[in-house]
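To start, the structure itself, in structure tokens.
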Amino acid sequence: MRTAKHFTKPLVITLFSLVLFTSCCTDCPDDEVNNENMDSEYFLGYNGEDNLSTTPTTPNYGFGNGNLPNAADITDKFPPIGNQGNYGTCVAWAVGYNLKTALNAIDNNLSFSDLNQDFNQFSAKDLFTAIPNSQKGSNCNGTNFDSAFDVLQQRGVATAQTVPYYALNGCSQSNLQSSWTNEANNNRIKYWRKIDPSITSIKQNIANNIPVVFGAKLSDNFITWNSSAVLSSNTSYNNVGQHAYHAMVVSGYDNSKGANGAFKVINSWGNGWGNGGYIWIDYNFFISEFVTTPGNQKPLFIAVNEDGNTSPPDDSNTGDTGVDLASWVFQDNYVSGNYRELYFNIYNIGNSTANPSTNWSNAYIYFNAYNANDYGILFYDEFNTSVGSNSFNCPTTDNCIFNYSIPPGGNFTQTVFGQPDINRQYIIPNLNGYYYLLLITDANDMFQEIDESNNFFYPSLTPVLFINGQVSRDSENDTSSFSFQNSETVSESKLKEGYRSRIATKDFNNAYTQDEISNLLKVEFNSGAFQNKLNSYLSENNTKLFGNKN
């Protein structure tokens, strides 16, 4: 963990020195960390060792690149500037005190005066202490983002009223008190995501009231910054060191600030540093030097509260509100090469008919376990009136059009084929990596259903490894090991509960939610991107393209 010496006003800044701390400041008073203008080292505490490849990327909701405001600022949703003092706890300050407090303020419309109350703030001490000892340095000396987010998701964080930031006593997990954990359980996040390392992506999130947490490599001039001007260049690393990584939060942006526009950043070094605890950083410099320096890419994260929402504006659904469609997979088996076979059905357990005039659809798709924007279609069926009543036509083996009504209590295969299920062969494209397979009914979200969770059915609740388009669950040499055989008997109760509709598990709590996948597909349908992707897939497989429907 790195620290840098700072000489506060009215002294002229002439020199600062680097100190490598291996223990807390044992000879200073417990309340020193609350002294906003103390003459002491500025401590850091981000280890810079997050595995970004296993953190899911936020889906592209199309926040509207062309109509972003020239400036946006959500700083009034953050608590007062904090001070981590002589401890390497910057990650807990960025994630717990700043981000989690802001999420609650945004979701509950708390005012700036509300956020001055410690019972509306979340405790950096509690969060850091709750991180497993093996994932942080001894004596409060640093950690990574994934460790802090994992605790915030699975355990939560107590308020600053319950666990004020003083007397850290080494921050061992053994210091946790049951009252802290009991309160923390009520203050969790639903998930966290990394975002694209781009100016537009950061601005889109801020403009939609979503704070952005980041890790950065700091240079000497950042440590001594004491100005409202825009930081746009690095000096040396002679004093701060080559591994001076720090965690902070973006709370605003302004296109007219400085030469190129700038991001407003909240730090955790008290209000005696920077511009009252804040700093403006040039857009281009932020991306090129802080985030995407070759060989040194650092993360940008967002998070969503347990009951929070980062979905795009919801378009009004059309169709029969009494419809309740549910997917069910009986088998998903290896056939040969890249060919597999799915046995499935679609049930209407609602009290209204699913009419083809609504133009609804059913799809079997894949998506990357860590980047849902990387998705594709395995087959796609439409229900509309472009073919004769009570008939169907399959322009390609991967696409069929059905003009059938599915009555309440009825199901797709019984209505059309007079049998309890149907099998479809499909081709896995040349995928490499971990993916989910998903059967989703009403894929284009045409029916407004009371409960849409049962639209989803995952044959595998854990990511499946693909190598050159073939499934390999156990090893790179075993290309046929994944086979799903549904041991459950289809029933109305199972259909209603959305059996196998969620992929968040104990081992992968941070998996994509149904809302994220549904909203991604909604945006893709509305923009035409889904149709383009489907046409491209059909063309690549040398199948006949179908025409546009009305």
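Ligands are numbered from 1 in the order shown, chains are lettered A, B, ... in the order of the structure tokens, and residues start at 1 in each chain.
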Tell me, counting only C-alpha atoms, for each residue of region 121-227 of chain A within 8 Å of region 269-292 of chain A, which pair of atoms is nearest and how far apart they are in Å to one decimal, in rows ordered by chain and increasing number, as a tab-separated table.
residue	atom	partner	partner_atom	distance
A:Pro197	CA	A:Val291	CA	6.8
A:Ser198	CA	A:Ile287	CA	6.6
A:Ile199	CA	A:Tyr283	CA	6.4
A:Gly215	CA	A:Val291	CA	7.5
A:Ala216	CA	A:Phe290	CA	4.9
A:Lys217	CA	A:Phe290	CA	5.9
A:Leu218	CA	A:Phe290	CA	7.7
A:Thr224	CA	A:Trp273	CA	7.7
A:Trp225	CA	A:Gly274	CA	5.0
A:Asn226	CA	A:Gly274	CA	4.0
A:Ser227	CA	A:Asn275	CA	5.2
Could you please take those selected residues and save N, CA and C atoms as a tab-separated table (two decimals), in the first residue's frame?
chain	number	residue	atom	x	y	z
A	197	PRO	N	-14.74	1.43	-21.15
A	197	PRO	CA	-13.83	2.51	-20.78
A	197	PRO	C	-13.84	3.63	-21.82
A	198	SER	N	-14.95	4.33	-21.88
A	198	SER	CA	-15.10	5.40	-22.88
A	198	SER	C	-15.75	6.62	-22.25
A	199	ILE	N	-15.49	7.76	-22.86
A	199	ILE	CA	-16.10	9.01	-22.39
A	199	ILE	C	-17.62	8.93	-22.48
A	215	GLY	N	-10.84	2.89	-10.68
A	215	GLY	CA	-9.51	2.78	-10.11
A	215	GLY	C	-8.53	3.45	-11.03
A	216	ALA	N	-7.55	4.16	-10.49
A	216	ALA	CA	-6.61	4.92	-11.32
A	216	ALA	C	-5.20	4.83	-10.77
A	217	LYS	N	-4.25	4.98	-11.67
A	217	LYS	CA	-2.85	5.10	-11.29
A	217	LYS	C	-2.53	6.58	-11.17
A	218	LEU	N	-2.07	7.01	-10.01
A	218	LEU	CA	-1.86	8.43	-9.74
A	218	LEU	C	-0.40	8.84	-9.95
A	224	THR	N	-0.66	16.28	-4.98
A	224	THR	CA	-0.53	17.64	-4.44
A	224	THR	C	-1.56	18.61	-5.01
A	225	TRP	N	-2.56	18.10	-5.68
A	225	TRP	CA	-3.52	18.99	-6.37
A	225	TRP	C	-4.27	19.84	-5.36
A	226	ASN	N	-4.38	21.13	-5.67
A	226	ASN	CA	-5.05	22.06	-4.77
A	226	ASN	C	-5.63	23.20	-5.59
A	227	SER	N	-6.57	22.85	-6.50
A	227	SER	CA	-7.05	23.81	-7.47
A	227	SER	C	-8.41	23.41	-8.00
Which residues of region 360-397 of chain A come within 8 Å of region 337-356 of chain A, and for each one, what is the closest pair of atoms and their distance in Å to one decimal, counting only C-alpha atoms, sorted by chain and residue number, as a tab-separated table?
residue	atom	partner	partner_atom	distance
A:Trp360	CA	A:Pro356	CA	6.8
A:Phe383	CA	A:Pro356	CA	4.9
A:Asn384	CA	A:Pro356	CA	4.3
A:Thr385	CA	A:Pro356	CA	6.1
Could you write out that same residue set with N, CA and C atoms as a CSV table (one decimal), in the first residue's frame?
chain,number,residue,atom,x,y,z
A,360,TRP,N,-46.1,-11.7,-31.5
A,360,TRP,CA,-45.1,-12.1,-30.5
A,360,TRP,C,-44.1,-13.1,-31.1
A,383,PHE,N,-45.1,-15.5,-34.2
A,383,PHE,CA,-46.5,-15.7,-34.2
A,383,PHE,C,-47.2,-14.5,-34.7
A,384,ASN,N,-47.7,-14.6,-35.9
A,384,ASN,CA,-48.3,-13.4,-36.6
A,384,ASN,C,-49.3,-13.9,-37.6
A,385,THR,N,-49.9,-12.9,-38.3
A,385,THR,CA,-50.9,-13.3,-39.3
A,385,THR,C,-50.4,-13.2,-40.8
For region 525-532 of chain A, list every protein, DNA or RNA residue within 9 Å, evaluated using only C-alpha atoms, and leave out those in the same chain fewer than 6 positions away; present the list as a ChimeraX atom specification. /A:376-377,444
Selection export as an mmCIF file, in the first residue's frame, atoms kept: C-alpha atoms:
data_model
loop_
_atom_site.group_PDB
_atom_site.id
_atom_site.type_symbol
_atom_site.label_atom_id
_atom_site.label_comp_id
_atom_site.auth_asym_id
_atom_site.auth_seq_id
_atom_site.Cartn_x
_atom_site.Cartn_y
_atom_site.Cartn_z
ATOM 1 C CA GLY A 376 -26.842 -14.452 -30.947
ATOM 2 C CA ILE A 377 -29.875 -16.383 -32.157
ATOM 3 C CA ASN A 444 -39.903 -9.073 -28.207
#
Between CA of Ala130 (chain A) and CA of Leu176 (chain A), what is the distance in Å, rounded to a tenth? 6.8 Å
Proximity to Gly498 (chain A) - best of A:Gln470, A:Asn175, A:Thr55, A:Asn454, only C-alpha atoms: A:Asn454
I'd like to know which residues of region 340-528 of chain A are helix (DSSP H, G or I) (by DSSP, run on the backbone); could you write them as a compact mmCIF listing (two decimals) with C-alpha atoms, in the first residue's frame?
# COMPACT_ATOMS: atom_id res chain seq x y z
CA PRO A 356 -50.99 -14.07 -33.28
CA SER A 357 -52.18 -10.56 -34.20
CA THR A 358 -49.97 -9.34 -31.35
CA PHE A 412 -47.93 -24.29 -28.31
CA THR A 413 -47.09 -27.85 -29.41
CA GLN A 414 -50.48 -29.33 -28.54
CA THR A 415 -52.25 -26.51 -30.41
CA VAL A 416 -50.09 -26.76 -33.53
CA PHE A 417 -48.88 -30.37 -33.67
CA SER A 453 -40.00 -14.34 -14.98
CA ASN A 454 -41.40 -17.58 -16.40
CA ASN A 455 -40.71 -16.37 -19.94
CA GLU A 492 -48.65 -25.26 -13.44
CA SER A 493 -46.90 -24.60 -10.13
CA LYS A 494 -43.46 -25.05 -11.71
CA LEU A 495 -44.45 -22.87 -14.65
CA LYS A 496 -45.74 -20.13 -12.37
CA GLU A 497 -42.63 -20.08 -10.20
CA GLN A 514 -33.75 -11.29 -16.13
CA ASP A 515 -34.42 -7.55 -16.27
CA GLU A 516 -31.01 -6.94 -17.82
CA ILE A 517 -31.45 -9.55 -20.56
CA SER A 518 -35.09 -8.56 -21.22
CA ASN A 519 -34.24 -4.89 -21.50
CA LEU A 520 -31.24 -5.57 -23.72
CA LEU A 521 -33.42 -7.56 -26.13
CA LYS A 522 -36.11 -4.87 -26.01
CA VAL A 523 -33.62 -2.23 -27.07
CA GLU A 524 -32.20 -4.54 -29.74
CA PHE A 525 -35.67 -5.24 -31.16
CA ASN A 526 -36.66 -1.57 -31.19
CA SER A 527 -33.46 -0.50 -32.92
One decimal, in Å: what's the spacing between CA of Asn221 (chain A) and CA of Ser233 (chain A)?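 Calculated distance between CA of Asn221 (chain A) and CA of Ser233 (chain A) is 8.6 Å.
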Picked from region 125-352 of chain A by DSSP as strand (DSSP E or B), as a count of residues only: 68
Find the residue from A:Thr235, A:Ser111, A:Thr129, A:Thr462 that sits nearest to Tyr370 (chain A); use only C-alpha atoms when measuring.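 Checking each of A:Thr235, A:Ser111, A:Thr129, A:Thr462 against Tyr370 (chain A), counting only C-alpha atoms, the winner is A:Thr462.
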Pick out the residues sitting within 6 Å of region 75-85 of chain A, and hand them over as a PyMOL selection string; count only C-alpha atoms, and ignore anything fewer than 6 positions along from it in its own chain. chain A and resi 33+102+105+112+115+251+268-270
Please, could you write that set of residues out with C-alpha atoms as a compact mmCIF listing (two decimals), in the first residue's frame?
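Wrote out39.txt, looks like this:
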# COMPACT_ATOMS: atom_id res chain seq x y z
CA VAL A 33 -8.93 10.27 10.72
CA ALA A 102 -25.49 7.75 -3.42
CA ALA A 105 -30.10 8.71 -1.99
CA PHE A 112 -28.33 17.04 0.49
CA LEU A 115 -27.07 13.04 3.54
CA SER A 251 -20.20 12.26 -9.93
CA SER A 268 -11.63 10.48 0.10
CA TRP A 269 -8.79 12.69 1.35
CA GLY A 270 -10.87 15.30 3.18
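For the set A:Asp107, A:Arg155, A:Lys203, A:Asp50, the residue with the smallest atom-to-atom gap to Ala71 (chain A) is A:Lys203, counting only C-alpha atoms.
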So the first atom is CA of Phe484 (chain A) and the second is CA of Ser460 (chain A); what is the distance between them in Å, to one decimal place?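 CA of Phe484 (chain A) sits 7.2 Å away from CA of Ser460 (chain A).
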Closest to Lys264 (chain A) among A:Asp381, A:Asp146, A:Asp73, A:Asp507, using only C-alpha atoms?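 The answer is A:Asp73, which sits nearest to Lys264 (chain A).
Each of A:Leu437, A:Ser539, A:Phe402, A:Asn186 was checked against Asn368 (chain A) using only C-alpha atoms; the smallest atom-to-atom distance is that of A:Leu437.
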Determine the nearest neighbour of Pro463 (chain A) from the options A:Ile503, A:Val335, A:Ala363, A:Ile206, counting only C-alpha atoms. A:Ile503
